[in-house]
$ cat run_25.pdb   # PDB, C-alpha atoms, pLDDT in the B column
ATOM      1  CA  MET A   1     -10.622  53.969 -11.379  1.00 69.00           C
ATOM      2  CA  THR A   2     -10.256  53.473  -7.650  1.00 82.00           C
ATOM      3  CA  THR A   3      -7.080  54.357  -5.802  1.00 83.00           C
ATOM      4  CA  GLU A   4      -6.368  50.682  -5.169  1.00 83.00           C
ATOM      5  CA  MET A   5      -6.758  49.821  -8.863  1.00 81.00           C
ATOM      6  CA  LYS A   6      -4.536  52.755  -9.909  1.00 81.00           C
ATOM      7  CA  THR A   7      -1.839  51.674  -7.433  1.00 83.00           C
ATOM      8  CA  LEU A   8      -2.008  48.101  -8.685  1.00 76.00           C
ATOM      9  CA  LYS A   9      -1.802  49.205 -12.341  1.00 78.00           C
ATOM     10  CA  ASP A  10       1.163  51.489 -11.574  1.00 76.00           C
ATOM     11  CA  THR A  11       2.913  48.602  -9.804  1.00 82.00           C
ATOM     12  CA  VAL A  12       2.323  46.223 -12.717  1.00 75.00           C
ATOM     13  CA  ASN A  13       3.578  48.838 -15.213  1.00 78.00           C
ATOM     14  CA  ALA A  14       6.697  49.420 -13.123  1.00 82.00           C
ATOM     15  CA  LEU A  15       7.408  45.705 -12.853  1.00 78.00           C
ATOM     16  CA  GLU A  16       6.908  45.237 -16.593  1.00 77.00           C
ATOM     17  CA  ALA A  17       9.260  48.121 -17.312  1.00 82.00           C
ATOM     18  CA  LEU A  18      11.942  46.772 -14.992  1.00 84.00           C
ATOM     19  CA  THR A  19      11.573  43.258 -16.393  1.00 81.00           C
ATOM     20  CA  THR A  20      11.822  44.563 -19.958  1.00 79.00           C
ATOM     21  CA  GLN A  21      14.923  46.526 -19.037  1.00 84.00           C
ATOM     22  CA  VAL A  22      16.623  43.493 -17.465  1.00 84.00           C
ATOM     23  CA  LEU A  23      15.703  41.177 -20.345  1.00 80.00           C
ATOM     24  CA  SER A  24      16.844  43.744 -22.900  1.00 82.00           C
ATOM     25  CA  SER A  25      20.248  43.926 -21.226  1.00 85.00           C
ATOM     26  CA  LEU A  26      20.525  40.115 -21.206  1.00 85.00           C
ATOM     27  CA  TYR A  27      19.190  39.508 -24.720  1.00 85.00           C
ATOM     28  CA  SER A  28      17.914  42.286 -27.008  1.00 87.00           C
ATOM     29  CA  PRO A  29      14.952  44.702 -26.912  1.00 84.00           C
ATOM     30  CA  ALA A  30      13.170  42.648 -29.596  1.00 84.00           C
ATOM     31  CA  GLN A  31      13.683  39.384 -27.730  1.00 87.00           C
ATOM     32  CA  ALA A  32      12.621  41.030 -24.480  1.00 77.00           C
ATOM     33  CA  GLU A  33       9.375  42.168 -26.084  1.00 83.00           C
ATOM     34  CA  VAL A  34       8.657  38.655 -27.383  1.00 81.00           C
ATOM     35  CA  MET A  35       9.355  37.136 -23.947  1.00 84.00           C
ATOM     36  CA  ILE A  36       7.104  39.649 -22.180  1.00 81.00           C
ATOM     37  CA  SER A  37       4.284  39.019 -24.677  1.00 82.00           C
ATOM     38  CA  SER A  38       4.665  35.267 -24.251  1.00 83.00           C
ATOM     39  CA  ALA A  39       4.563  35.598 -20.464  1.00 78.00           C
ATOM     40  CA  LYS A  40       1.364  37.642 -20.654  1.00 78.00           C
ATOM     41  CA  ILE A  41      -0.253  34.826 -22.634  1.00 79.00           C
ATOM     42  CA  ASN A  42       1.100  31.972 -20.496  1.00 79.00           C
ATOM     43  CA  TYR A  43       0.279  33.563 -17.152  1.00 77.00           C
ATOM     44  CA  THR A  44      -3.291  34.659 -17.621  1.00 81.00           C
ATOM     45  CA  GLU A  45      -5.682  33.422 -14.960  1.00 83.00           C
ATOM     46  CA  GLU A  46      -7.160  30.948 -17.448  1.00 87.00           C
ATOM     47  CA  ALA A  47      -3.745  29.599 -18.467  1.00 79.00           C
ATOM     48  CA  VAL A  48      -2.601  29.164 -14.869  1.00 79.00           C
ATOM     49  CA  GLU A  49      -5.873  27.409 -13.973  1.00 88.00           C
ATOM     50  CA  ALA A  50      -5.568  25.134 -17.010  1.00 83.00           C
ATOM     51  CA  ARG A  51      -2.036  24.132 -15.977  1.00 86.00           C
ATOM     52  CA  ARG A  52      -3.203  23.508 -12.418  1.00 89.00           C
ATOM     53  CA  LYS A  53      -5.970  21.210 -13.623  1.00 89.00           C
ATOM     54  CA  GLN A  54      -3.559  19.455 -15.947  1.00 91.00           C
ATOM     55  CA  GLU A  55      -1.128  18.856 -13.082  1.00 91.00           C
ATOM     56  CA  GLU A  56      -3.947  17.582 -10.857  1.00 92.00           C
ATOM     57  CA  ALA A  57      -5.030  15.176 -13.600  1.00 92.00           C
ATOM     58  CA  ARG A  58      -1.443  13.975 -14.082  1.00 94.00           C
ATOM     59  CA  ALA A  59      -0.982  13.387 -10.347  1.00 94.00           C
ATOM     60  CA  TYR A  60      -4.329  11.602 -10.095  1.00 94.00           C
ATOM     61  CA  ASN A  61      -3.598   9.330 -13.066  1.00 95.00           C
ATOM     62  CA  GLU A  62      -0.224   8.447 -11.553  1.00 96.00           C
ATOM     63  CA  ALA A  63      -1.866   7.637  -8.204  1.00 96.00           C
ATOM     64  CA  LEU A  64      -4.445   5.513 -10.009  1.00 96.00           C
ATOM     65  CA  ARG A  65      -1.746   3.580 -11.884  1.00 96.00           C
ATOM     66  CA  ASN A  66       0.123   2.946  -8.638  1.00 97.00           C
ATOM     67  CA  ALA A  67      -3.062   1.796  -6.901  1.00 96.00           C
ATOM     68  CA  VAL A  68      -3.861  -0.624  -9.728  1.00 96.00           C
ATOM     69  CA  THR A  69      -0.306  -2.012  -9.613  1.00 96.00           C
ATOM     70  CA  ASP A  70      -0.506  -2.452  -5.829  1.00 97.00           C
ATOM     71  CA  PHE A  71      -3.894  -4.161  -6.176  1.00 97.00           C
ATOM     72  CA  LYS A  72      -2.577  -6.668  -8.702  1.00 96.00           C
ATOM     73  CA  ASP A  73       0.555  -7.298  -6.599  1.00 96.00           C
ATOM     74  CA  LYS A  74      -1.571  -7.907  -3.500  1.00 96.00           C
ATOM     75  CA  MET A  75      -3.874 -10.310  -5.331  1.00 95.00           C
ATOM     76  CA  ARG A  76      -0.879 -12.266  -6.634  1.00 95.00           C
ATOM     77  CA  ALA A  77       0.744 -12.354  -3.186  1.00 94.00           C
ATOM     78  CA  ALA A  78      -2.516 -13.527  -1.599  1.00 95.00           C
ATOM     79  CA  TYR A  79      -3.174 -16.172  -4.269  1.00 95.00           C
ATOM     80  CA  TRP A  80      -3.595 -19.100  -1.895  1.00 94.00           C
ATOM     81  CA  ASP A  81      -5.665 -17.072   0.548  1.00 92.00           C
ATOM     82  CA  ILE A  82      -7.951 -16.176  -2.350  1.00 94.00           C
ATOM     83  CA  ALA A  83      -7.980 -19.688  -3.790  1.00 93.00           C
ATOM     84  CA  LEU A  84      -9.392 -21.092  -0.561  1.00 92.00           C
ATOM     85  CA  LEU A  85     -12.266 -18.604  -0.427  1.00 92.00           C
ATOM     86  CA  SER A  86     -15.741 -18.964  -1.878  1.00 91.00           C
ATOM     87  CA  ASP A  87     -16.600 -16.802  -4.890  1.00 91.00           C
ATOM     88  CA  ASP A  88     -18.536 -14.337  -2.718  1.00 94.00           C
ATOM     89  CA  LYS A  89     -15.759 -14.050  -0.140  1.00 95.00           C
ATOM     90  CA  ARG A  90     -13.156 -13.727  -2.899  1.00 94.00           C
ATOM     91  CA  THR A  91     -15.111 -10.850  -4.425  1.00 94.00           C
ATOM     92  CA  ALA A  92     -15.491  -9.221  -1.011  1.00 96.00           C
ATOM     93  CA  PHE A  93     -11.753  -9.598  -0.320  1.00 95.00           C
ATOM     94  CA  ALA A  94     -10.867  -7.923  -3.613  1.00 96.00           C
ATOM     95  CA  SER A  95     -13.386  -5.135  -3.016  1.00 96.00           C
ATOM     96  CA  GLU A  96     -12.096  -4.456   0.493  1.00 96.00           C
ATOM     97  CA  SER A  97      -8.507  -4.409  -0.742  1.00 96.00           C
ATOM     98  CA  TRP A  98      -9.390  -1.919  -3.498  1.00 97.00           C
ATOM     99  CA  ASN A  99     -11.268   0.330  -1.073  1.00 96.00           C
ATOM    100  CA  GLU A 100      -8.216   0.413   1.210  1.00 96.00           C
ATOM    101  CA  LEU A 101      -6.013   1.389  -1.721  1.00 96.00           C
ATOM    102  CA  LYS A 102      -8.469   4.069  -2.851  1.00 96.00           C
ATOM    103  CA  GLU A 103      -8.287   5.629   0.586  1.00 95.00           C
ATOM    104  CA  SER A 104      -4.514   5.277   0.763  1.00 95.00           C
ATOM    105  CA  TYR A 105      -4.018   6.978  -2.628  1.00 95.00           C
ATOM    106  CA  SER A 106      -6.881   9.482  -2.134  1.00 94.00           C
ATOM    107  CA  LEU A 107      -8.673   8.260  -5.235  1.00 95.00           C
ATOM    108  CA  ARG A 108     -12.205   9.251  -6.175  1.00 93.00           C
ATOM    109  CA  LYS A 109     -14.957   7.127  -4.673  1.00 90.00           C
ATOM    110  CA  ASN A 110     -16.097   6.042  -8.118  1.00 92.00           C
ATOM    111  CA  SER A 111     -12.641   4.838  -9.197  1.00 93.00           C
ATOM    112  CA  GLN A 112     -13.300   1.519 -10.878  1.00 94.00           C
ATOM    113  CA  GLN A 113     -11.814  -1.578  -9.297  1.00 95.00           C
ATOM    114  CA  PRO A 114      -9.437  -3.501 -11.576  1.00 95.00           C
ATOM    115  CA  ALA A 115     -10.600  -6.927 -12.687  1.00 93.00           C
ATOM    116  CA  LEU A 116      -9.540  -9.757 -10.399  1.00 91.00           C
ATOM    117  CA  ASP A 117      -7.266 -11.863 -12.586  1.00 87.00           C
ATOM    118  CA  PHE A 118      -7.690 -15.174 -10.767  1.00 91.00           C
ATOM    119  CA  THR A 119      -7.345 -18.710 -12.116  1.00 92.00           C
ATOM    120  CA  GLU A 120      -8.415 -21.725 -10.086  1.00 92.00           C
ATOM    121  CA  PRO A 121      -5.402 -23.815  -8.973  1.00 94.00           C
ATOM    122  CA  THR A 122      -4.696 -26.963 -10.961  1.00 94.00           C
ATOM    123  CA  VAL A 123      -4.355 -30.397  -9.366  1.00 95.00           C
ATOM    124  CA  GLU A 124      -0.578 -30.104  -9.737  1.00 95.00           C
ATOM    125  CA  GLN A 125      -0.554 -26.738  -7.967  1.00 95.00           C
ATOM    126  CA  LEU A 126      -2.718 -28.098  -5.148  1.00 95.00           C
ATOM    127  CA  MET A 127      -0.424 -31.090  -4.672  1.00 96.00           C
ATOM    128  CA  ALA A 128       2.635 -28.825  -4.636  1.00 96.00           C
ATOM    129  CA  ARG A 129       0.970 -26.511  -2.120  1.00 95.00           C
ATOM    130  CA  ARG A 130       0.036 -29.456   0.082  1.00 96.00           C
ATOM    131  CA  SER A 131       3.670 -30.594   0.087  1.00 96.00           C
ATOM    132  CA  GLU A 132       4.815 -27.066   1.038  1.00 96.00           C
ATOM    133  CA  LEU A 133       2.365 -26.893   3.926  1.00 96.00           C
ATOM    134  CA  ILE A 134       3.301 -30.335   5.231  1.00 96.00           C
ATOM    135  CA  ALA A 135       6.983 -29.391   5.095  1.00 97.00           C
ATOM    136  CA  SER A 136       6.208 -26.173   6.996  1.00 96.00           C
ATOM    137  CA  LEU A 137       4.370 -28.117   9.706  1.00 96.00           C
ATOM    138  CA  GLU A 138       7.268 -30.524  10.058  1.00 96.00           C
ATOM    139  CA  ARG A 139       9.654 -27.622  10.666  1.00 96.00           C
ATOM    140  CA  ILE A 140       7.592 -26.331  13.583  1.00 96.00           C
ATOM    141  CA  ASN A 141       8.371 -27.867  16.975  1.00 96.00           C
ATOM    142  CA  LEU A 142       5.124 -27.538  18.911  1.00 95.00           C
ATOM    143  CA  THR A 143       6.509 -29.281  21.984  1.00 95.00           C
ATOM    144  CA  GLN A 144       9.319 -26.770  22.203  1.00 96.00           C
ATOM    145  CA  ALA A 145       6.880 -23.877  21.757  1.00 96.00           C
ATOM    146  CA  HIS A 146       4.639 -25.111  24.579  1.00 96.00           C
ATOM    147  CA  ASP A 147       7.656 -25.711  26.826  1.00 95.00           C
ATOM    148  CA  GLU A 148       8.885 -22.194  26.047  1.00 95.00           C
ATOM    149  CA  ILE A 149       5.518 -20.717  27.026  1.00 95.00           C
ATOM    150  CA  GLU A 150       5.448 -22.642  30.297  1.00 94.00           C
ATOM    151  CA  PHE A 151       9.033 -21.648  31.079  1.00 92.00           C
ATOM    152  CA  CYS A 152       8.507 -17.947  30.346  1.00 91.00           C
ATOM    153  CA  GLU A 153       5.195 -17.695  32.182  1.00 91.00           C
ATOM    154  CA  ARG A 154       6.688 -19.339  35.267  1.00 89.00           C
ATOM    155  CA  HIS A 155       9.598 -16.901  35.341  1.00 85.00           C
ATOM    156  CA  LEU A 156       7.427 -13.868  34.604  1.00 87.00           C
ATOM    157  CA  LYS A 157       5.229 -14.663  37.606  1.00 85.00           C
ATOM    158  CA  ASN A 158       8.252 -14.369  39.867  1.00 78.00           C
ATOM    159  CA  LYS A 159       9.071 -10.722  39.185  1.00 69.00           C
ATOM    160  CA  SER A 160      11.641 -10.402  41.956  1.00 70.00           C
ATOM    161  CA  ILE A 161      14.266 -12.610  40.282  1.00 76.00           C
ATOM    162  CA  LEU A 162      14.181 -10.870  36.928  1.00 77.00           C
ATOM    163  CA  THR A 163      15.957  -7.715  35.873  1.00 83.00           C
ATOM    164  CA  HIS A 164      14.215  -5.349  33.476  1.00 84.00           C
ATOM    165  CA  ASP A 165      16.184  -6.733  30.513  1.00 87.00           C
ATOM    166  CA  GLN A 166      15.527 -10.341  31.539  1.00 87.00           C
ATOM    167  CA  ARG A 167      11.823  -9.652  31.822  1.00 87.00           C
ATOM    168  CA  ALA A 168      11.753  -8.027  28.376  1.00 90.00           C
ATOM    169  CA  LEU A 169      13.584 -11.049  26.947  1.00 91.00           C
ATOM    170  CA  ARG A 170      11.108 -13.520  28.495  1.00 90.00           C
ATOM    171  CA  GLU A 171       8.175 -11.472  27.164  1.00 93.00           C
ATOM    172  CA  ARG A 172       9.632 -11.547  23.646  1.00 94.00           C
ATOM    173  CA  GLN A 173      10.235 -15.289  23.901  1.00 95.00           C
ATOM    174  CA  LEU A 174       6.685 -15.816  25.144  1.00 95.00           C
ATOM    175  CA  GLU A 175       5.170 -13.869  22.243  1.00 96.00           C
ATOM    176  CA  SER A 176       7.386 -15.706  19.770  1.00 96.00           C
ATOM    177  CA  ALA A 177       6.297 -19.107  21.105  1.00 96.00           C
ATOM    178  CA  LYS A 178       2.632 -18.083  20.975  1.00 96.00           C
ATOM    179  CA  SER A 179       3.088 -16.880  17.401  1.00 96.00           C
ATOM    180  CA  THR A 180       4.609 -20.247  16.507  1.00 96.00           C
ATOM    181  CA  ILE A 181       1.551 -22.077  17.814  1.00 96.00           C
ATOM    182  CA  THR A 182      -0.790 -19.700  15.995  1.00 96.00           C
ATOM    183  CA  ARG A 183       1.167 -20.145  12.759  1.00 96.00           C
ATOM    184  CA  HIS A 184       0.987 -23.938  13.151  1.00 97.00           C
ATOM    185  CA  ALA A 185      -2.799 -23.755  13.566  1.00 96.00           C
ATOM    186  CA  ASP A 186      -3.138 -21.475  10.515  1.00 95.00           C
ATOM    187  CA  ILE A 187      -1.066 -23.834   8.371  1.00 96.00           C
ATOM    188  CA  GLU A 188      -3.123 -26.818   9.528  1.00 96.00           C
ATOM    189  CA  LYS A 189      -6.303 -24.970   8.590  1.00 95.00           C
ATOM    190  CA  GLU A 190      -4.964 -24.085   5.151  1.00 95.00           C
ATOM    191  CA  LEU A 191      -3.754 -27.666   4.645  1.00 96.00           C
ATOM    192  CA  GLU A 192      -7.233 -28.941   5.415  1.00 95.00           C
ATOM    193  CA  SER A 193      -8.747 -26.539   2.857  1.00 94.00           C
ATOM    194  CA  VAL A 194      -6.176 -27.515   0.218  1.00 95.00           C
ATOM    195  CA  GLN A 195      -6.880 -31.195   0.786  1.00 94.00           C
ATOM    196  CA  GLU A 196     -10.623 -30.570   0.389  1.00 93.00           C
ATOM    197  CA  LEU A 197     -10.047 -28.732  -2.888  1.00 91.00           C
ATOM    198  CA  LEU A 198      -7.710 -31.494  -4.063  1.00 91.00           C
ATOM    199  CA  LYS A 199     -10.273 -34.152  -3.199  1.00 90.00           C
ATOM    200  CA  ALA A 200     -12.952 -32.253  -5.107  1.00 88.00           C
ATOM    201  CA  SER A 201     -10.657 -31.883  -8.130  1.00 84.00           C
ATOM    202  CA  LEU A 202      -9.776 -35.580  -8.413  1.00 77.00           C
TER     203      LEU A 202
END

$ encode --input "run_25.pdb" --output "structure tokens"
Amino acid sequence: MTTEMKTLKDTVNALEALTTQVLSSLYSPAQAEVMISSAKINYTEEAVEARRKQEEARAYNEALRNAVTDFKDKMRAAYWDIALLSDDKRTAFASESWNELKESYSLRKNSQQPALDFTEPTVEQLMARRSELIASLERINLTQAHDEIEFCERHLKNKSILTHDQRALRERQLESAKSTITRHADIEKELESVQELLKASL
């Protein structure tokens, strides 16, 4: 036996003796012996490795469940985006979304994508969606948005009359007005797609 092995064995024996002594004072010598024997079984290299693998599997399964839940939530939230896509683009959208979630949750590359639970919208749903989109368009004041852009751009060109806070305010107003115009265009595009689907369904 090497010196290192003898030192290690002596250390282990000393620790076992001290542990037995402490446990015997807290419980009884018989109970202490049972506890020490149980610890020797539960803390072998194989037992520790088995518990580690079990914990890894538990954590992975939990991550997988969360990813599947997030995938289904995203597909439900994006229902109308999906409904207006072709079958190929819908499949690609679902695949891309799942790949993003796999990366986010550090899932294995071969983790199977959940089935896309999608039902084509009914005529009633299309009509209701069309009404929602029309109402959204009516709430957007394009004239005001364009006027706001012109106003902000004119003031931003003349830097000398603006304080730092005023400039920051005009920049926020400008971005907000531009976002309004972009949102209006997106709604118009979706409305056009909904009307095409509705026409095809009638």

$ resolve_selection --input "run_25.pdb" --expression "the PyMOL selection byres ((chain A and resi 88-96) around 10)" --output "ChimeraX atom specification"
/A:71-72,74-75,81-87,97-102,113-116,118

$ residues_around --input "run_25.pdb" --residues "stretch 27-41 of chain A" --least-positions-apart "6" --cutoff "12 Å" --atoms "all atoms listed in the file" --output "PyMOL selection string"
chain A and resi 12+15-21+47-48

$ closest_atom_pairs --input "run_25.pdb" --of "stretch 77-176 of chain A" --to "stretch 188-200 of chain A" --cutoff "9 Å" --atoms "only C-alpha atoms" --output "JSON lines"
{"residue": "A:Trp80", "atom": "CA", "partner": "A:Glu190", "partner_atom": "CA", "distance": 8.7}
{"residue": "A:Asp81", "atom": "CA", "partner": "A:Glu190", "partner_atom": "CA", "distance": 8.4}
{"residue": "A:Ala83", "atom": "CA", "partner": "A:Val194", "partner_atom": "CA", "distance": 9.0}
{"residue": "A:Leu84", "atom": "CA", "partner": "A:Ser193", "partner_atom": "CA", "distance": 6.5}
{"residue": "A:Thr122", "atom": "CA", "partner": "A:Leu198", "partner_atom": "CA", "distance": 8.8}
{"residue": "A:Val123", "atom": "CA", "partner": "A:Leu198", "partner_atom": "CA", "distance": 6.4}
{"residue": "A:Leu126", "atom": "CA", "partner": "A:Leu198", "partner_atom": "CA", "distance": 6.1}
{"residue": "A:Met127", "atom": "CA", "partner": "A:Leu198", "partner_atom": "CA", "distance": 7.3}
{"residue": "A:Arg129", "atom": "CA", "partner": "A:Val194", "partner_atom": "CA", "distance": 7.6}
{"residue": "A:Arg130", "atom": "CA", "partner": "A:Leu191", "partner_atom": "CA", "distance": 6.2}
{"residue": "A:Leu133", "atom": "CA", "partner": "A:Leu191", "partner_atom": "CA", "distance": 6.2}
{"residue": "A:Ile134", "atom": "CA", "partner": "A:Leu191", "partner_atom": "CA", "distance": 7.6}
{"residue": "A:Leu137", "atom": "CA", "partner": "A:Glu188", "partner_atom": "CA", "distance": 7.6}

$ atom_distance --input "run_25.pdb" --atom1 "atom CA of A:Glu153" --atom2 "atom CA of A:Arg167"
10.4 Å

$ closest_residue --input "run_25.pdb" --among "A:Ala185, A:Leu174, A:Leu64, A:Leu162" --to "A:Ala145" --atoms "only C-alpha atoms"
A:Leu174

$ atom_distance --input "run_25.pdb" --atom1 "atom CA of A:Phe151" --atom2 "atom CA of A:Arg170"
8.8 Å

$ atom_distance --input "run_25.pdb" --atom1 "atom CA of A:Gln166" --atom2 "atom CA of A:Thr182"
24.4 Å

$ axis_aligned_box --input "run_25.pdb" --around "stretch 29-35 of chain A" --padding-each-side "8 Å" --output "lines of an AutoDock Vina configuration file"
center_x = 11.8
center_y = 40.9
center_z = -26.8
size_x = 22.3
size_y = 23.6
size_z = 21.6

$ closest_residue --input "run_25.pdb" --among "A:His155, A:Ser201, A:Lys178, A:Glu150" --to "A:Pro121" --atoms "all atoms listed in the file"
A:Ser201
